[in-house]
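A.B. asks: Supplied structure: start-v3.tsv, TSV, C-alpha atoms.
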chain	number	residue	atom	x	y	z
C	13	MET	CA	-13.15	38.97	-42.25
C	14	PRO	CA	-9.72	38.42	-43.86
C	15	ASP	CA	-9.50	37.72	-47.60
C	16	GLY	CA	-9.65	34.01	-48.40
C	17	TRP	CA	-11.22	33.15	-45.04
C	18	LEU	CA	-14.77	31.83	-45.47
C	19	THR	CA	-17.47	30.76	-43.09
C	20	MET	CA	-19.05	27.40	-43.84
C	21	ASP	CA	-22.26	29.09	-45.03
C	22	ASP	CA	-20.30	30.73	-47.87
C	23	LEU	CA	-19.33	27.37	-49.35
C	24	PRO	CA	-20.93	24.77	-51.65
C	25	GLU	CA	-23.32	22.17	-50.33
C	26	ARG	CA	-20.79	19.44	-49.60
C	27	PHE	CA	-19.09	21.74	-47.09
C	28	ARG	CA	-22.36	22.58	-45.39
C	29	MET	CA	-22.87	18.94	-44.41
C	30	LEU	CA	-21.09	19.63	-41.14
C	31	PRO	CA	-23.50	19.65	-38.17
C	32	GLY	CA	-24.70	23.09	-37.15
C	33	SER	CA	-23.06	22.77	-33.74
C	34	LEU	CA	-19.69	22.49	-35.51
C	35	ARG	CA	-20.28	24.81	-38.46
C	36	ASP	CA	-20.04	28.05	-36.49
C	37	LYS	CA	-16.71	26.87	-35.05
C	38	THR	CA	-15.25	26.18	-38.50
C	39	ARG	CA	-13.48	28.31	-41.08
C	40	ALA	CA	-12.39	27.18	-44.56
C	41	THR	CA	-9.21	28.56	-46.05
C	42	THR	CA	-6.10	27.73	-48.06
C	43	LEU	CA	-2.79	27.44	-46.23
C	44	GLY	CA	0.87	26.84	-46.99
C	45	SER	CA	1.53	26.10	-50.66
C	46	GLY	CA	-2.14	26.04	-51.66
C	47	VAL	CA	-3.44	23.40	-49.27
C	48	PRO	CA	-7.24	23.46	-48.67
C	49	ALA	CA	-7.97	23.29	-44.96
C	50	LEU	CA	-10.70	23.45	-42.37
C	51	LEU	CA	-9.75	25.34	-39.23
C	52	ILE	CA	-11.86	24.49	-36.20
C	53	HIS	CA	-11.59	26.24	-32.84
C	54	PRO	CA	-13.60	26.00	-29.61
C	55	THR	CA	-13.94	29.76	-29.12
C	56	TRP	CA	-11.86	31.69	-31.70
C	57	GLU	CA	-10.94	33.93	-28.78
C	58	SER	CA	-8.24	32.38	-26.57
C	59	PRO	CA	-5.33	30.00	-27.25
C	60	ALA	CA	-6.31	26.34	-27.42
C	61	PRO	CA	-4.42	23.11	-28.15
C	62	TRP	CA	-5.10	21.67	-31.57
C	63	VAL	CA	-4.65	18.65	-33.83
C	64	PHE	CA	-3.28	18.53	-37.37
C	65	TRP	CA	-5.45	15.82	-38.96
C	66	MET	CA	-5.21	13.95	-42.29
C	67	HIS	CA	-7.84	11.70	-43.90
C	68	GLY	CA	-7.31	8.47	-45.83
C	69	ARG	CA	-7.13	7.74	-49.56
C	70	THR	CA	-10.13	8.62	-51.81
C	71	VAL	CA	-11.96	10.80	-49.25
C	72	SER	CA	-11.61	14.37	-47.98
C	73	LYS	CA	-11.14	16.57	-44.91
C	74	GLU	CA	-14.90	16.80	-44.37
C	75	LEU	CA	-15.08	13.08	-43.51
C	76	ASP	CA	-16.27	12.14	-40.03
C	77	PRO	CA	-17.10	15.53	-38.49
C	78	GLY	CA	-18.02	13.67	-35.30
C	79	ARG	CA	-14.35	13.49	-34.36
C	80	TYR	CA	-13.96	17.26	-34.80
C	81	LEU	CA	-17.07	17.95	-32.76
C	82	ARG	CA	-15.79	15.84	-29.87
C	83	TRP	CA	-12.47	17.65	-29.90
C	84	VAL	CA	-14.14	21.07	-29.90
C	85	ARG	CA	-16.38	20.10	-27.00
C	86	ALA	CA	-13.25	19.04	-25.12
C	87	GLY	CA	-11.59	22.41	-25.78
C	88	ILE	CA	-9.31	21.20	-28.59
C	89	GLY	CA	-9.06	22.79	-32.04
C	90	CYS	CA	-8.20	21.22	-35.37
C	91	CYS	CA	-6.63	21.85	-38.74
C	92	ALA	CA	-7.84	19.24	-41.23
C	93	ILE	CA	-6.34	19.29	-44.72
C	94	ASP	CA	-7.12	17.73	-48.07
C	95	LEU	CA	-4.30	15.40	-49.09
C	96	PRO	CA	-2.77	16.05	-52.54
C	97	GLY	CA	-5.20	15.02	-55.26
C	98	HIS	CA	-8.13	14.74	-52.83
C	99	GLY	CA	-11.10	16.86	-51.81
C	100	GLU	CA	-10.91	20.38	-53.23
C	101	ARG	CA	-7.81	19.49	-55.21
C	102	TYR	CA	-9.27	16.29	-56.63
C	103	ASP	CA	-7.30	14.40	-59.25
C	104	ALA	CA	-8.55	10.87	-59.98
C	105	GLU	CA	-5.07	9.62	-60.78
C	106	ARG	CA	-3.75	10.65	-57.36
C	107	THR	CA	-6.48	8.75	-55.52
C	108	HIS	CA	-5.28	5.47	-57.06
C	109	PRO	CA	-3.02	3.19	-54.98
C	110	ARG	CA	-0.20	3.66	-57.50
C	111	ALA	CA	-0.02	7.34	-56.50
C	112	SER	CA	0.21	6.73	-52.76
C	113	PRO	CA	4.01	7.23	-52.52
C	114	SER	CA	3.88	10.59	-54.28
C	115	VAL	CA	0.92	11.69	-52.12
C	116	ILE	CA	2.78	10.72	-48.94
C	117	GLU	CA	5.93	12.52	-50.06
C	118	GLN	CA	4.16	15.72	-51.10
C	119	ALA	CA	1.90	15.87	-48.05
C	120	THR	CA	4.83	15.33	-45.69
C	121	GLY	CA	6.55	18.33	-47.25
C	122	GLU	CA	3.42	20.51	-46.98
C	123	ILE	CA	2.85	20.13	-43.24
C	124	ASP	CA	5.31	22.74	-41.96
C	125	GLY	CA	4.04	25.50	-44.25
C	126	VAL	CA	0.46	24.83	-43.20
C	127	ILE	CA	1.39	24.94	-39.51
C	128	GLU	CA	3.22	28.23	-39.94
C	129	ASP	CA	0.14	29.76	-41.54
C	130	VAL	CA	-2.12	28.41	-38.80
C	131	LEU	CA	0.07	29.92	-36.09
C	132	HIS	CA	0.50	33.28	-37.80
C	133	GLY	CA	-2.84	33.75	-39.56
C	134	ASP	CA	-5.14	36.75	-39.48
C	135	TRP	CA	-7.33	35.06	-36.85
C	136	GLY	CA	-4.77	35.89	-34.17
C	137	PRO	CA	-2.82	33.67	-31.75
C	138	VAL	CA	-5.68	31.31	-30.93
C	139	PHE	CA	-3.86	28.12	-31.96
C	140	ASP	CA	-1.34	27.26	-29.24
C	141	PRO	CA	2.14	26.65	-30.75
C	142	ASP	CA	3.21	24.55	-27.78
C	143	ARG	CA	0.28	22.12	-27.73
C	144	ILE	CA	-0.04	20.58	-31.18
C	145	GLY	CA	-1.08	17.00	-31.88
C	146	ILE	CA	-0.99	15.19	-35.20
C	147	GLY	CA	-2.81	12.21	-36.61
C	148	GLY	CA	-4.33	10.50	-39.57
C	149	MET	CA	-6.30	7.56	-40.87
C	150	SER	CA	-4.73	5.04	-43.28
C	151	LEU	CA	-2.81	7.10	-45.88
C	152	GLY	CA	-2.98	10.13	-43.58
C	153	GLY	CA	-1.47	8.01	-40.81
C	154	MET	CA	1.43	7.07	-43.08
C	155	VAL	CA	2.10	10.76	-43.69
C	156	THR	CA	1.91	11.34	-39.93
C	157	LEU	CA	4.51	8.67	-39.19
C	158	ARG	CA	6.89	9.85	-41.92
C	159	ARG	CA	6.72	13.44	-40.63
C	160	LEU	CA	7.45	12.26	-37.08
C	161	CYS	CA	10.78	10.84	-38.28
C	162	GLU	CA	12.13	14.41	-38.58
C	163	PRO	CA	12.36	17.26	-36.00
C	164	HIS	CA	8.84	18.47	-35.31
C	165	PRO	CA	6.64	20.47	-32.87
C	166	PHE	CA	4.11	17.74	-32.05
C	167	LYS	CA	3.27	16.60	-28.53
C	168	ALA	CA	1.25	13.48	-29.37
C	169	ALA	CA	-0.03	11.42	-32.29
C	170	VAL	CA	-3.05	9.25	-33.12
C	171	LEU	CA	-2.80	6.56	-35.80
C	172	GLU	CA	-5.91	4.90	-37.25
C	173	SER	CA	-5.80	1.81	-39.48
C	174	THR	CA	-2.33	2.57	-40.80
C	175	SER	CA	1.22	1.26	-40.78
C	176	GLY	CA	4.72	2.66	-40.60
C	177	ASP	CA	6.29	-0.32	-42.41
C	178	LEU	CA	5.45	0.41	-46.02
C	179	GLY	CA	7.93	-2.09	-47.43
C	180	ARG	CA	6.15	-4.90	-45.62
C	181	LEU	CA	2.71	-3.49	-46.46
C	182	TYR	CA	3.41	-3.19	-50.16
C	183	SER	CA	5.04	-6.65	-50.28
C	184	GLY	CA	1.70	-8.12	-49.21
C	185	GLU	CA	3.31	-10.70	-46.94
C	186	ASP	CA	0.55	-10.23	-44.35
C	187	LEU	CA	-2.29	-10.53	-46.87
C	188	PRO	CA	-3.93	-13.53	-48.58
C	189	ASP	CA	-2.84	-14.06	-52.18
C	190	ASP	CA	-6.17	-12.76	-53.51
C	191	GLN	CA	-5.87	-9.53	-51.51
C	192	LYS	CA	-2.31	-8.45	-52.29
C	193	TRP	CA	-1.50	-4.75	-52.65
C	194	PRO	CA	-2.75	-3.87	-56.16
C	195	VAL	CA	0.39	-1.99	-57.25
C	196	ASP	CA	4.12	-2.69	-57.16
C	197	HIS	CA	6.16	0.29	-55.96
C	198	ALA	CA	9.84	0.65	-56.77
C	199	PRO	CA	11.96	-0.09	-53.66
C	200	GLU	CA	13.90	3.16	-53.99
C	201	VAL	CA	10.62	5.12	-54.00
C	202	THR	CA	9.22	3.23	-51.03
C	203	ALA	CA	12.43	3.73	-49.04
C	204	ARG	CA	12.14	7.52	-49.21
C	205	ILE	CA	8.67	7.59	-47.70
C	206	ASP	CA	8.84	4.52	-45.44
C	207	PRO	CA	8.84	5.52	-41.75
C	208	SER	CA	10.46	2.20	-40.81
C	209	GLU	CA	13.51	3.24	-42.86
C	210	HIS	CA	13.89	6.51	-40.93
C	211	LEU	CA	13.30	5.55	-37.29
C	212	ASP	CA	16.62	7.03	-36.18
C	213	GLY	CA	14.93	10.43	-36.29
C	214	PHE	CA	11.80	9.45	-34.38
C	215	ARG	CA	11.66	11.33	-31.04
C	216	PRO	CA	9.56	9.59	-28.37
C	217	ILE	CA	6.15	11.16	-27.86
C	218	PRO	CA	2.83	9.64	-26.74
C	219	VAL	CA	1.23	7.63	-29.56
C	220	LEU	CA	-2.18	5.95	-29.75
C	221	ALA	CA	-2.49	3.32	-32.49
C	222	MET	CA	-6.03	2.06	-33.19
C	223	HIS	CA	-6.72	-0.85	-35.52
C	224	SER	CA	-9.12	-3.64	-36.40
C	225	GLU	CA	-7.29	-6.94	-36.14
C	226	ALA	CA	-9.31	-8.11	-39.16
C	227	ASP	CA	-8.27	-5.19	-41.42
C	228	VAL	CA	-7.76	-6.56	-44.96
C	229	VAL	CA	-6.32	-3.35	-46.43
C	230	VAL	CA	-3.62	-2.52	-43.87
C	231	PRO	CA	-3.18	-5.71	-41.83
C	232	TRP	CA	-2.76	-5.37	-38.09
C	233	ASN	CA	0.30	-7.64	-38.19
C	234	THR	CA	2.04	-5.10	-40.41
C	235	GLN	CA	1.39	-2.27	-37.97
C	236	ARG	CA	2.07	-4.41	-34.90
C	237	GLY	CA	5.53	-5.29	-36.19
C	238	PHE	CA	6.26	-1.63	-36.83
C	239	LEU	CA	5.08	-0.62	-33.36
C	240	ASP	CA	7.36	-3.26	-31.84
C	241	ARG	CA	10.30	-1.69	-33.66
C	242	LEU	CA	9.20	1.78	-32.60
C	243	ALA	CA	8.95	0.67	-28.97
C	244	ALA	CA	12.52	-0.67	-29.17
C	245	ARG	CA	13.58	2.70	-30.57
C	246	TYR	CA	11.96	4.46	-27.59
C	247	GLU	CA	13.83	2.22	-25.16
C	248	GLN	CA	17.12	2.89	-26.94
C	249	GLN	CA	16.55	6.59	-26.25
C	250	GLY	CA	15.76	5.94	-22.57
C	251	ALA	CA	12.03	6.54	-23.05
C	252	ASP	CA	9.15	4.45	-21.77
C	253	ALA	CA	7.83	2.12	-24.47
C	254	GLY	CA	4.48	2.49	-22.68
C	255	LEU	CA	4.14	5.88	-24.38
C	256	ILE	CA	2.96	3.80	-27.34
C	257	GLN	CA	-0.60	2.67	-26.66
C	258	ARG	CA	-2.36	0.07	-28.79
C	259	LEU	CA	-6.13	-0.21	-29.03
C	260	THR	CA	-7.47	-2.99	-31.25
C	261	TRP	CA	-10.71	-4.86	-31.83
C	262	PRO	CA	-11.06	-8.42	-33.23
C	263	GLN	CA	-13.73	-7.15	-35.64
C	264	THR	CA	-15.59	-3.87	-36.07
C	265	GLY	CA	-18.01	-4.44	-38.94
C	266	ALA	CA	-16.49	-1.57	-40.93
C	267	PRO	CA	-16.05	-1.96	-44.72
C	268	SER	CA	-13.01	-4.20	-45.25
C	269	GLU	CA	-12.50	-3.77	-41.50
C	270	HIS	CA	-10.60	-0.64	-42.53
C	271	ALA	CA	-12.86	2.31	-43.37
C	272	GLY	CA	-13.80	3.60	-39.93
C	273	PHE	CA	-14.50	1.46	-36.90
C	274	GLY	CA	-18.06	0.30	-37.59
C	275	LYS	CA	-19.92	-0.78	-34.47
C	276	VAL	CA	-17.12	0.44	-32.18
C	277	ALA	CA	-16.81	3.88	-33.82
C	278	ASN	CA	-18.14	5.59	-30.70
C	279	ASP	CA	-15.54	3.82	-28.54
C	280	ALA	CA	-12.79	4.76	-31.00
C	281	LYS	CA	-13.77	8.45	-31.05
C	282	THR	CA	-13.98	8.50	-27.26
C	283	ALA	CA	-10.56	6.89	-26.97
C	284	HIS	CA	-8.75	9.32	-29.24
C	285	THR	CA	-10.49	12.32	-27.67
C	286	GLU	CA	-9.49	11.20	-24.19
C	287	PHE	CA	-5.94	10.60	-25.44
C	288	PHE	CA	-5.63	14.17	-26.74
C	289	GLU	CA	-7.19	15.49	-23.55
C	290	ARG	CA	-4.43	13.76	-21.55
C	291	THR	CA	-1.60	14.78	-23.82
C	292	LEU	CA	-2.61	18.25	-25.02
C	293	LEU	CA	-4.98	19.71	-22.42
C	294	ASN	CA	-3.07	18.10	-19.56
C	295	THR	CA	0.46	19.13	-20.52
C	296	ALA	CA	1.89	17.00	-17.73
C	297	GLY	CA	0.89	14.02	-19.85
C	298	ALA	CA	2.98	15.13	-22.82
C	299	ASP	CA	6.66	14.52	-23.43
C	300	GLY	CA	7.75	17.90	-22.11
C	301	GLY	CA	9.24	19.45	-25.19
C	302	ALA	CA	9.16	19.90	-28.93
C	303	ASP	CA	11.74	20.60	-31.61
C	304	ARG	CA	11.06	23.88	-33.33
Please render this file's structure as structure tokens.
C.D. replies:
Amino acid sequence: MPDGWLTMDDLPERFRMLPGSLRDKTRATTLGSGVPALLIHPTWESPAPWVFWMHGRTVSKELDPGRYLRWVRAGIGCCAIDLPGHGERYDAERTHPRASPSVIEQATGEIDGVIEDVLHGDWGPVFDPDRIGIGGMSLGGMVTLRRLCEPHPFKAAVLESTSGDLGRLYSGEDLPDDQKWPVDHAPEVTARIDPSEHLDGFRPIPVLAMHSEADVVVPWNTQRGFLDRLAARYEQQGADAGLIQRLTWPQTGAPSEHAGFGKVANDAKTAHTEFFERTLLNTAGADGGADR
């Protein structure tokens, strides 16, 4: 086994919490510029499509292994990373809302190096370079959207409980006065990381946006407005705005209607798995090309 490439049984207890049916499909390693990652593959033998996945603020890449298990059973692999200051590179200061802009900026810059290592690692060419999806929950979804504003290799994206209009999110205009964003971010800092400020570079690909309409952390109105702007951008490029799919629920029962999808979690996992099956396994459902 290559140096630095560990099976899950080699790792501390918190890593061994993955279900046994997923554990033997998973490898833990460090990629790019020191980014802790889980690599998950259906067979570790033949090329498979895969998803670059990012968690939300305060948690880690081990969160919600059920999504990974569904992807593997569908024939789709995964690279899940710890965001800066999270998981194996924990730093309490960087899990605070005031650090979100720096986390988004750093993580956006780390993605390409991680992908290069995935594609050219010692495990061989088992991660298909032409069938890569990307996605994230909350903060990870913000990183996803910012990265998609530049040339990229991704065929499809899933967004969970997130928004691409950070100026509007941080202003709190969609939140009650007692639930405003807890930190003021300098406009010049927000502008660098705000996907809505960089939509000219957003190439149309299939997108699935999932949200609770009662979310009190990232309000659905904030994301809905962004998706409307993104759809207009697609149409300006001669693309079908229907490539952007929206799946919402009035309420889910999740904490703050934000952390997961509560009573509809099974429906949400099924929806994003079926989406990646259509867009990655069935290449006819993708956009037909990627910038590399």
A.B. asks: Residues at most 7 Å from Met222 in chain C, counting only C-alpha atoms, excluding those fewer than 4 positions away in the same chain, as a list in words?
C.D. replies: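 Neighbouring residues, sequence-local ones excluded: Leu171, Glu172, Ser173, Arg258, Leu259 and Thr260 of chain C.
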A.B. asks: Put those residues in a file: C-alpha atoms, as a PDB file, keeping the file's coordinate frame.
C.D. replies:
ATOM      1  CA  LEU C 171      -2.800   6.560 -35.800  1.00  0.00           C
ATOM      2  CA  GLU C 172      -5.910   4.900 -37.250  1.00  0.00           C
ATOM      3  CA  SER C 173      -5.800   1.810 -39.480  1.00  0.00           C
ATOM      4  CA  ARG C 258      -2.360   0.070 -28.790  1.00  0.00           C
ATOM      5  CA  LEU C 259      -6.130  -0.210 -29.030  1.00  0.00           C
ATOM      6  CA  THR C 260      -7.470  -2.990 -31.250  1.00  0.00           C
TER       7      THR C 260
END
A.B. asks: For CA of Asp206 in chain C and CA of Arg159 in chain C, determine how far apart the two atoms are, in Å to one decimal place.
C.D. replies: 10.4 Å
A.B. asks: Which residues are close to Gly78 in chain C, i.e. within 12 Å by only C-alpha atoms, leaving aside same-chain residues fewer than 3 positions away? Reply as a list in words.
C.D. replies: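 Everything that qualifies: Met29, Leu30, Pro31, Gly32, Ser33, Leu34, Arg35, Glu74, Leu75, Leu81, Arg82, Trp83, Val84, Arg85, Gly272, Ala277, Asn278, Ala280, Lys281, Thr282, His284 and Thr285 of chain C.
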A.B. asks: Neighbourhood query: residues within 7 Å of (8.6, -2.8, -26.0), file coordinates, counting only C-alpha atoms; return as a PyMOL selection string.
C.D. replies: chain C and resi 240+243-244+253
A.B. asks: For CA of Gly147 in chain C and CA of Trp65 in chain C, determine how far apart the two atoms are, in Å to one decimal place.
C.D. replies: 5.1 Å
